[in-house]
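K.L.:
One structure, as structure tokens, below. Some questions next.
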Amino acid sequence: MSRRSHRPTVRMALAACALLAASPALLAQTPEPPPFYAITDVEVVTGTGEVLQGATVLIADGLIEAVGQGLEVPGDARVYEGAGLKLYPGMVDALTQIGVKSDNGGNQQSSGGGGNPFQPSGPQIRGPEDRPRTTPWKSPADDLDAAAAAIESWREAGFTSAVVAPGDGFFPGQAAWINLGGGEADALVVATPIAQRIEFPTGGFGTYPGSLMGVLSYVRQVLEDADHHADALAIYERSPAGRQRPEYDRTLEPLIAAREAALPFLLPAVTGPQIDRALALGRRYELRTVLVGAHQAYRRLDRIAASGAPVIVSLEWPEEPKDRAPDAEDAFRDLAHRRLAPSTPRRLAEAGIPFAFTSGGLKNSGDVWKGVRAAIAAGLSEQAALAALTTTPAELFGVADRVGTIEKGKIANLVLATAAPWAEDAEIHHVFVDGHPYGDGAEEEEEDAEPPSVDVSGTWTLTMTTPGGEVEMTAELEQGEDGKVTGEIRSERGETTLKDGRVAANVLTFEVSQETPRGTMDASYRAEVEGESLEGTLSAGPMSFEVAGARTSAAPAGGAGDGESGDEAEVEVADSELEELWRLYQGPVDEGDDFAIVGATVHTVSGETIENGTVVVQGGEIRAVGRGARVPGGLRTIDGAGLHLIPGIIDAHSHIAVEGSVNEGSLNVTSMVGIEDVVDPDDISIYRALAGGVTAINILHGSANPIGGKNAVIKLRWGQDADGLFFAGAPPGIKFALGENPKRSRGGFGPGRYPATRMCVIDVIRQAFVDAKAYQKEWRDYEAARAAGREPIPPRRDFELEPLVEILEGERLVHAHCYRADEILQLIRLADEMGFQIATLQHVLEGYKVADEIAAHGAGASTFSDWWGYKVEAYDAIPHNAALMTERGVLVSINSDSGEEMRHLNHEAAKTIRWGGLSEREALALVTLNPARQLRIDDRVGSIEVGKDADLVLYRGHPLDASSVVLKTFVDGRLYFDLEADRERQQAIDAMKDRLVGRGEDETGDGEQTPDATPDATPDPDATDSAEPRQGAAR
Amino acid sequence: MNSSRIAHAALVAVLTLAATGPATVATAETLVLRGGTVHSMVPGAAASVADVVVQDGRIVSVGAAAQAPAGARVVDVAGLDVYPGFFDAMSTIGLIEISSIDATVDAAEMPAYNPHLRAATAIHPDSEVIPVSRSTGITHSLVSPQAGQDGVIPGQASLVHLDGWTVEEMSIEPSAAMVIAWPQIRTRRFDFSTFTLKESSYSEAKKEAEEALKALEGWLDAARHYAKAQAAGSQRTERNLQLEHLAKVLDGGQRVVILANAKSDIEAAVEFAEEQGLNMILAGGRDAWKVTEMLAEKQIPVILGLVAELPNQDDHPYDRPFGVAGALRAAGVRIAFGSAVPSGGFGGPDGPHSARTLPFEAGMATGYGLSREDALRALTVAPAEIFGVADQLGTIEVGKRANLVVVEGDPLAIRSAVRHLIVDGKEVELGTDRHSRLYERFRSRPTSD
């Protein structure tokens, strides 16, 4: 809604009063008129599906008194002529922080943001028991900021209600339904609590939990604790005599109450993997899950539908990043996602999944409506959009009996406008909230202003001259159609979003609100623009200051006059084309898993190498191996003449395909976290690894702590979701770490956390097992008591100690990062003492010095081929390590610990022939059969044997030669990488990208010549300026 | 303090354990390599069985059945292959012992501009890295100082033999090239608190880069003025070591290695070098395949880093970095390989410890479009030409310095073995490097039961 030019003056005067007077609201308030209104001769879009023409709506005492045609208008009602207008139910923003005060409630927490991430500012969090950033008792209804500027601006845009909830922390608090009226805080609240919110914010090393996997584990522990607390209370209530009472816990009680009341739990779920994760959490703890965000719901429709979970879709659609290099290039998936995301609402509607809309992080109501229009442009019906903004949120939060439609008896939340509020040309005349009219009528808008003669889009440096000196500010402005201006202003004091920005002729005007200790201060700005500079004044109440500015960078792409979403929107590309290409980009080359490879040199690894051999694969399994093995009639054959076939390479130490940090570095024991929670099936590293012949990997937690997190063993079934990647039957494992990394002696890490010496690294592990044994006994005692017919309160499930008990019980493999011989020996002795076996020593660069001891213990050793000298504990590393340990009877593998090096582990294996004299077969076993044995998956993979999974790699050239090239990689008999198909895939991607960004064929990429490349490696156009990090840089 | 003292003590301990002098068998000996297949790397010359006679550090004869000079030691290399010794065209060998221990790192000085500093000054002749690097056939290297976080001129790179009792003995050309790290627009930096990359605003990064470039121009202008004053015999001009050294690069004098990877940076660097009249060599060149014609036309050679790198972004061909060397050669650009060439991203080569795998990197490129011949040239004669020492190094010809490698198998193949190594005319003993010593020592550890 725009304003007449005199309005800012009025507001300024009010603001001035606000600054000077103690209770300005009272002084300025006009008397309340009688609360009776009638809207006549209007088209009523009731929201029930029914539309009434020429109808009348009567309002009394905040409620809808009557709706219908030919109603008599009571004499005491003020009449609003509705002729030519439409009346809508008030719109609902189904999740926002409008009016939620940002103070975080004094819960103990340590801050990861700002300052040194390794030296947190708050109190040290020792573990889940300290309940960091967990405030489920917090109720925004009890602490609402009724004067928040956004309440007014949202209302002016047609929103009459909002679901508000705090957003800071893991359990930020409760949600409340508020009406966006102008009254006192308590008067705004319609219902509370209506939901609990869970968020997954991540931090750094300094705070627990800091990593995504740490956060997920923490959230589970709290929900588990709530279950336990409820059970304990129930048992205690039945027979308190003779029992210790369960302690009151202010974090658990509201969660228990929410579950008992079947309140929705709002879970963040923007991407496909996040949706999977939220649904899994909800299933496990029987939560009434509501997915929030859902931009990639188009990739998970069936799953969401099956779960029954409703969705709150964020209208903050992904956009092209601003302020970047002119030759910056978007990756295909980002381009595709930006196009497909707005189709999510339409698809949800088609699938019958209930959904509402949230404004997400949008600060400008105009952008919210732009978001709705994008969804409609992507096929959402107007009616479905209306439901998502009215009835669906009302139903979702249990208030459909009072709001959401225009029906007799409901709360009079109404929008009187020329069209639906989201329509580009809509003029909103009046908004009724709780029966109060707001807005002075759209007719006033018409008189507005000349068309803009300048475009202010871009970044401006503003200098404000005040009596106290000059104040520097930066303004990011974007000028839209009709001269509307949106943007932000930053200064040392913070950032504010500008309101009511507009350009008329060459005059820029806008308003800003600044929170000050004395309340909200409004200021208005007016400036004349001349080319790249502007001059004007900022007025706040009686004060005014000169502000001059200069443009420092030009309009971002897709700015002024460019339509809604820049260049991209103008290109005709069907969603189905993108989805098909996406499947080609991320999926198997073909679906078949029956074939025979004939005539190849077959390196079985478990047995002799077969020249001119045949391997028959059916149903994804190896059915026959041998020279002249019979190929069943009709079976597809692949000519392997002159080529080499080896078992799929297995990387026993990888950190790819992990979302978020691979380290939960906060505590010295983090066995409660697990890679299994954060496997990222969309990581391109998976495909690149397949192109290097890798078919299975052991994804490990990092080495920040003596006892790290749990691992995940996956097969590289590129295109599947995380569940589809897990290696069925692979025993679970966990990461330990010795030496420099856990003691944090390396630059920048500081000795902030115990331990700081090798003495204490091993002591931390010992103490953890002492605790685990006590915990094991606690459960055994409990089971015994139950068996004896008593009803004891069960012990609390402890996600930190459970994995350690599993180690003691032989059910979980220990993968221990280590370097020096002495620390290797220490851990072996500790394992002997505690009664468990180490599955693998990782890195184990001085393993050759204590090879006999390692062999005697029965631990495997997984090492680098030739990395050395990058730190003191790697100074005695030798490339003969693998060979020498092998000679001494240790089961050895070679790993990569790197998203790059994993692509040529065959080369790494070959080095053991040069340095240490292993045979070809022994060398190949280091990256195939041996890691399979170390991970206890050798019954399925690791060699070319009948009955095993057809995980196979076909090479041109001997795989132990540096010049060899992978031609085909199969997982479970399915072709996931094929050199020729890769070229086609690449061409299709490049062609699509050219279309999406509107490039012609002759100006492919940067437009430079295509190099005279070989068929083996076709370099293609690209244009970015930064390489990715070499993964696993911190070994 | 405490931990660094401990680290230092540990280091002294290991260095003491290790100390052995240069592994030279004899000094200034006369040597006949008898009966090997000689790959001279002379253009057009086919490999042939020949004897190579070495005297006073030089090759004095290459041919069939050479007469052994009096007192010559004859080494039977029949059945083996003889190549010119390999040239690591950009390394930090001798400057970095243990990457994470600052006390052992002498690669990057603090100020942004250090044109007067030379790598040779700090090369540690007893570094354990030297014999390890030799083990795959590398006999000489351009050792280069490295740019720090915002460094622009880290100093001058020095060309050295990988053997010698002192740096002076090792030295081939101590001021082989001036190194410039092109001021790139860096919008991504690694954030250690989350172990992820953090993006910053492009316009800010661009502004920083432009300011850095202006400063670089300022340095060259100052050097030009300084040189003019010197030439004019100005008595009142105070001596300035930095400008004195920098002035050497003017008017196509001393070679300038410019580190740049992104296409826009490469283009800007080439333009800059032309304007300033610099004799430019590009190092890095991750995106060099995009501008092959320009590099060929302007005859700018490229020192490539590791072949095994990751593509720039998700949807780029998985093997694009593998194919850059081949694409450059196909366009006629001269290339060499260096073990310590920054790839422009975070991370990159870990000091000098991976120098020994350089022949394998070149071998890997042959799977992706580089001919075997070109791969071998890139390790031998091409860098000698690029750095202007082809009259001394790079081929097996009479009069050249005798840096030779005798291999069993393909020298680019991982499974092959180096049997003899001649550095500056002297055979160096193989198997005396730190790794071989530790291997032999612990291989002979008695079994515990």
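All residue names refer to the structure tokens as shown: chains lettered A, B, ... in order, residues numbered from 1 in each chain, ligands numbered from 1 in order.
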As an mmCIF file with N, CA and C atoms, in the first residue's frame, list the residues of stretch 404-442 of chain B assigned to helix (DSSP H, G or I) by DSSP on the backbone atoms of this structure.
P.N.:
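What landed in selection_30.cif:
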```cif
data_model
loop_
_atom_site.group_PDB
_atom_site.id
_atom_site.type_symbol
_atom_site.label_atom_id
_atom_site.label_comp_id
_atom_site.auth_asym_id
_atom_site.auth_seq_id
_atom_site.Cartn_x
_atom_site.Cartn_y
_atom_site.Cartn_z
ATOM 1 N N ARG B 434 65.313 -40.999 4.087
ATOM 2 C CA ARG B 434 64.719 -41.257 5.396
ATOM 3 C C ARG B 434 63.769 -42.453 5.359
ATOM 4 N N HIS B 435 62.984 -42.515 4.320
ATOM 5 C CA HIS B 435 61.960 -43.553 4.253
ATOM 6 C C HIS B 435 62.575 -44.931 4.084
ATOM 7 N N SER B 436 63.574 -45.019 3.212
ATOM 8 C CA SER B 436 64.219 -46.313 3.013
ATOM 9 C C SER B 436 64.950 -46.741 4.290
ATOM 10 N N ARG B 437 65.558 -45.764 4.956
ATOM 11 C CA ARG B 437 66.278 -46.104 6.195
ATOM 12 C C ARG B 437 65.325 -46.643 7.255
ATOM 13 N N LEU B 438 64.223 -45.942 7.431
ATOM 14 C CA LEU B 438 63.260 -46.406 8.442
ATOM 15 C C LEU B 438 62.705 -47.773 8.061
ATOM 16 N N TYR B 439 62.462 -47.936 6.772
ATOM 17 C CA TYR B 439 61.948 -49.220 6.285
ATOM 18 C C TYR B 439 62.919 -50.340 6.618
ATOM 19 N N GLU B 440 64.170 -50.142 6.255
ATOM 20 C CA GLU B 440 65.161 -51.204 6.484
ATOM 21 C C GLU B 440 65.317 -51.470 7.982
ATOM 22 N N ARG B 441 65.292 -50.391 8.759
ATOM 23 C CA ARG B 441 65.506 -50.545 10.192
ATOM 24 C C ARG B 441 64.375 -51.369 10.831
ATOM 25 N N PHE B 442 63.157 -51.015 10.502
ATOM 26 C CA PHE B 442 62.060 -51.712 11.176
ATOM 27 C C PHE B 442 61.726 -53.039 10.515
#
```
K.L.:
Please provide as a PyMOL selection string all residues within 12 Å of A:Ser919, with the sequence filter that same-chain residues fewer than 2 positions apart are discarded (counting only C-alpha atoms).
P.N.:
(chain A and resi 605+608-609+883+886-887+909-917+921-926+960) or (chain B and resi 415)
K.L.:
Hey, what's within 9 Å of stretch 89-101 of chain B if we count only C-alpha atoms and toss same-chain stuff fewer than 4 positions away? As an MDAnalysis selection string, please?
P.N.:
(chainID A and resid 746:747 868:872 874:875) or (chainID B and resid 4 7:8 105:107 119:120 122:130 133 140:146 157 159 162 283 303:305 336:341 350:353 355 379 383:384 387)
K.L.:
Taking 3 positions as the minimum chain separation for residues in the same chain, which residues sit within 6 Å of stretch 74-86 of chain A when counting only C-alpha atoms? Answer as a ChimeraX atom specification.
P.N.:
/A:36-44,416-418
K.L.:
Name the residues in contact with B:Val302 at a cut-off of 8 Å, using only C-alpha atoms, excluding same-chain residues fewer than 2 positions from it; report them as a list in words.
P.N.:
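My reading of the contact set: Ile281, Leu282, Ala283, Gly284, Gly285, Ile300, Leu304, Val333, Arg334, Ile335 and Ala336 of chain B.
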K.L.:
Could those selected residues go to a file with N, CA and C atoms, as a compact mmCIF listing (two decimals), in the first residue's frame?
P.N.:
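File produced: again.txt:
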```txt
# COMPACT_ATOMS: atom_id res chain seq x y z
N ILE B 281 55.89 -16.22 -17.29
CA ILE B 281 55.57 -17.66 -17.24
C ILE B 281 54.35 -17.77 -16.34
N LEU B 282 53.33 -18.49 -16.81
CA LEU B 282 52.14 -18.67 -15.97
C LEU B 282 52.30 -19.91 -15.11
N ALA B 283 51.98 -19.79 -13.83
CA ALA B 283 51.96 -20.97 -12.97
C ALA B 283 50.57 -21.11 -12.38
N GLY B 284 50.09 -22.33 -12.31
CA GLY B 284 48.72 -22.57 -11.84
C GLY B 284 47.90 -22.99 -13.04
N GLY B 285 47.21 -22.01 -13.60
CA GLY B 285 46.56 -22.27 -14.89
C GLY B 285 45.44 -23.28 -14.81
N ILE B 300 53.17 -17.99 -24.04
CA ILE B 300 53.34 -17.99 -22.58
C ILE B 300 53.30 -19.43 -22.08
N LEU B 304 52.15 -26.28 -14.60
CA LEU B 304 50.93 -26.86 -14.03
C LEU B 304 51.21 -27.48 -12.67
N VAL B 333 50.88 -25.03 -26.44
CA VAL B 333 51.43 -24.28 -25.30
C VAL B 333 52.49 -25.15 -24.63
N ARG B 334 53.61 -24.53 -24.28
CA ARG B 334 54.65 -25.28 -23.57
C ARG B 334 54.25 -25.46 -22.12
N ILE B 335 54.43 -26.66 -21.60
CA ILE B 335 54.04 -26.93 -20.22
C ILE B 335 55.14 -27.63 -19.45
N ALA B 336 55.08 -27.45 -18.14
CA ALA B 336 55.93 -28.19 -17.21
C ALA B 336 55.06 -28.50 -16.00
```
K.L.:
Report the distance between atom CA of A:Val658 and atom CA of A:Gln221 in Å, rounded to one decimal place.
P.N.:
21.2 Å
K.L.:
Need to verify the contact set: B:Pro311, 10 Å, only C-alpha atoms, exclusion of same-chain residues closer than 3 positions in sequence. Can you return it as a ChimeraX atom specification?
P.N.:
/A:688,900,1026-1028 /B:286,308,314-322
K.L.:
Export, as a PDB file, in the first residue's frame, the selected residues with C-alpha atoms.
P.N.:
```pdb
ATOM      1  CA  ARG A 688      33.189 -38.488  -8.884  1.00  0.00           C
ATOM      2  CA  GLU A 900      40.072 -36.208  -4.554  1.00  0.00           C
ATOM      3  CA  SER A1026      37.419 -20.706  -7.062  1.00  0.00           C
ATOM      4  CA  ALA A1027      38.266 -24.310  -6.613  1.00  0.00           C
ATOM      5  CA  GLU A1028      36.778 -26.504  -3.986  1.00  0.00           C
TER       6      GLU A1028
ATOM      7  CA  ARG B 286      43.608 -24.232 -13.606  1.00  0.00           C
ATOM      8  CA  ALA B 308      44.753 -34.970  -9.700  1.00  0.00           C
ATOM      9  CA  ASP B 314      29.509 -29.758  -9.092  1.00  0.00           C
ATOM     10  CA  ASP B 315      28.390 -29.990 -12.680  1.00  0.00           C
ATOM     11  CA  HIS B 316      31.765 -29.724 -14.339  1.00  0.00           C
ATOM     12  CA  PRO B 317      33.283 -32.824 -15.915  1.00  0.00           C
ATOM     13  CA  TYR B 318      34.795 -35.025 -13.232  1.00  0.00           C
ATOM     14  CA  ASP B 319      38.028 -35.318 -15.204  1.00  0.00           C
ATOM     15  CA  ARG B 320      38.481 -31.766 -16.430  1.00  0.00           C
ATOM     16  CA  PRO B 321      41.579 -31.112 -14.283  1.00  0.00           C
ATOM     17  CA  PHE B 322      43.076 -34.366 -15.600  1.00  0.00           C
TER      18      PHE B 322
END
```
K.L.:
Calculate how many Å separate atom CA of A:Arg347 from atom CA of A:Ala375, rounding to one decimal.
P.N.:
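For atom CA of A:Arg347 relative to atom CA of A:Ala375, the distance reads 10.1 Å.
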K.L.:
Env of stretch 170-184 of chain B: 7 Å cut, atoms = only C-alpha atoms, seq-sep filter 5 positions within chain, self excluded. Answer as a PDB file with C-alpha atoms, in the first residue's frame.
P.N.:
```
ATOM      1  CA  ARG B 118      65.826 -15.543  -2.825  1.00  0.00           C
ATOM      2  CA  ALA B 120      68.274 -20.415  -2.299  1.00  0.00           C
ATOM      3  CA  ALA B 147      53.011 -16.085  -1.053  1.00  0.00           C
ATOM      4  CA  GLY B 151      51.371 -11.756  -0.403  1.00  0.00           C
ATOM      5  CA  VAL B 152      52.060 -10.464  -3.914  1.00  0.00           C
ATOM      6  CA  ILE B 153      55.802 -10.882  -4.495  1.00  0.00           C
ATOM      7  CA  PRO B 154      57.110 -13.676  -2.272  1.00  0.00           C
ATOM      8  CA  GLY B 155      60.590 -13.397  -3.773  1.00  0.00           C
ATOM      9  CA  GLN B 156      62.830 -15.039  -6.339  1.00  0.00           C
ATOM     10  CA  ALA B 157      62.840 -18.705  -7.175  1.00  0.00           C
ATOM     11  CA  SER B 158      66.134 -20.576  -7.363  1.00  0.00           C
ATOM     12  CA  LEU B 159      67.082 -23.440  -9.622  1.00  0.00           C
ATOM     13  CA  VAL B 160      69.064 -26.112  -7.792  1.00  0.00           C
ATOM     14  CA  HIS B 161      70.368 -29.631  -8.156  1.00  0.00           C
ATOM     15  CA  LEU B 162      68.857 -31.993  -5.618  1.00  0.00           C
ATOM     16  CA  ASP B 163      72.248 -32.869  -4.208  1.00  0.00           C
ATOM     17  CA  GLY B 164      75.174 -31.063  -2.717  1.00  0.00           C
ATOM     18  CA  ALA B 209      42.003  -7.084  -5.541  1.00  0.00           C
ATOM     19  CA  ALA B 212      46.377  -4.825  -4.541  1.00  0.00           C
ATOM     20  CA  LEU B 213      46.924  -4.585  -8.286  1.00  0.00           C
ATOM     21  CA  GLN B 254      64.504 -11.733 -15.425  1.00  0.00           C
ATOM     22  CA  ARG B 255      61.707 -14.219 -15.962  1.00  0.00           C
ATOM     23  CA  VAL B 256      58.542 -13.619 -13.991  1.00  0.00           C
ATOM     24  CA  VAL B 257      56.410 -16.515 -12.805  1.00  0.00           C
ATOM     25  CA  ILE B 258      52.881 -15.279 -12.247  1.00  0.00           C
ATOM     26  CA  LEU B 259      50.586 -17.482 -10.209  1.00  0.00           C
ATOM     27  CA  ALA B 260      47.022 -17.328 -11.498  1.00  0.00           C
ATOM     28  CA  ASP B 265      43.015 -13.602 -13.544  1.00  0.00           C
ATOM     29  CA  ALA B 269      47.935 -11.173 -15.720  1.00  0.00           C
ATOM     30  CA  PHE B 387      63.663 -21.216 -17.594  1.00  0.00           C
TER      31      PHE B 387
END
```
K.L.:
Work out how far apart atom CA of A:Gly458 and atom CA of A:Ser553 are and give it in Å to one decimal.
P.N.:
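Distance between the two atoms: 5.6 Å.
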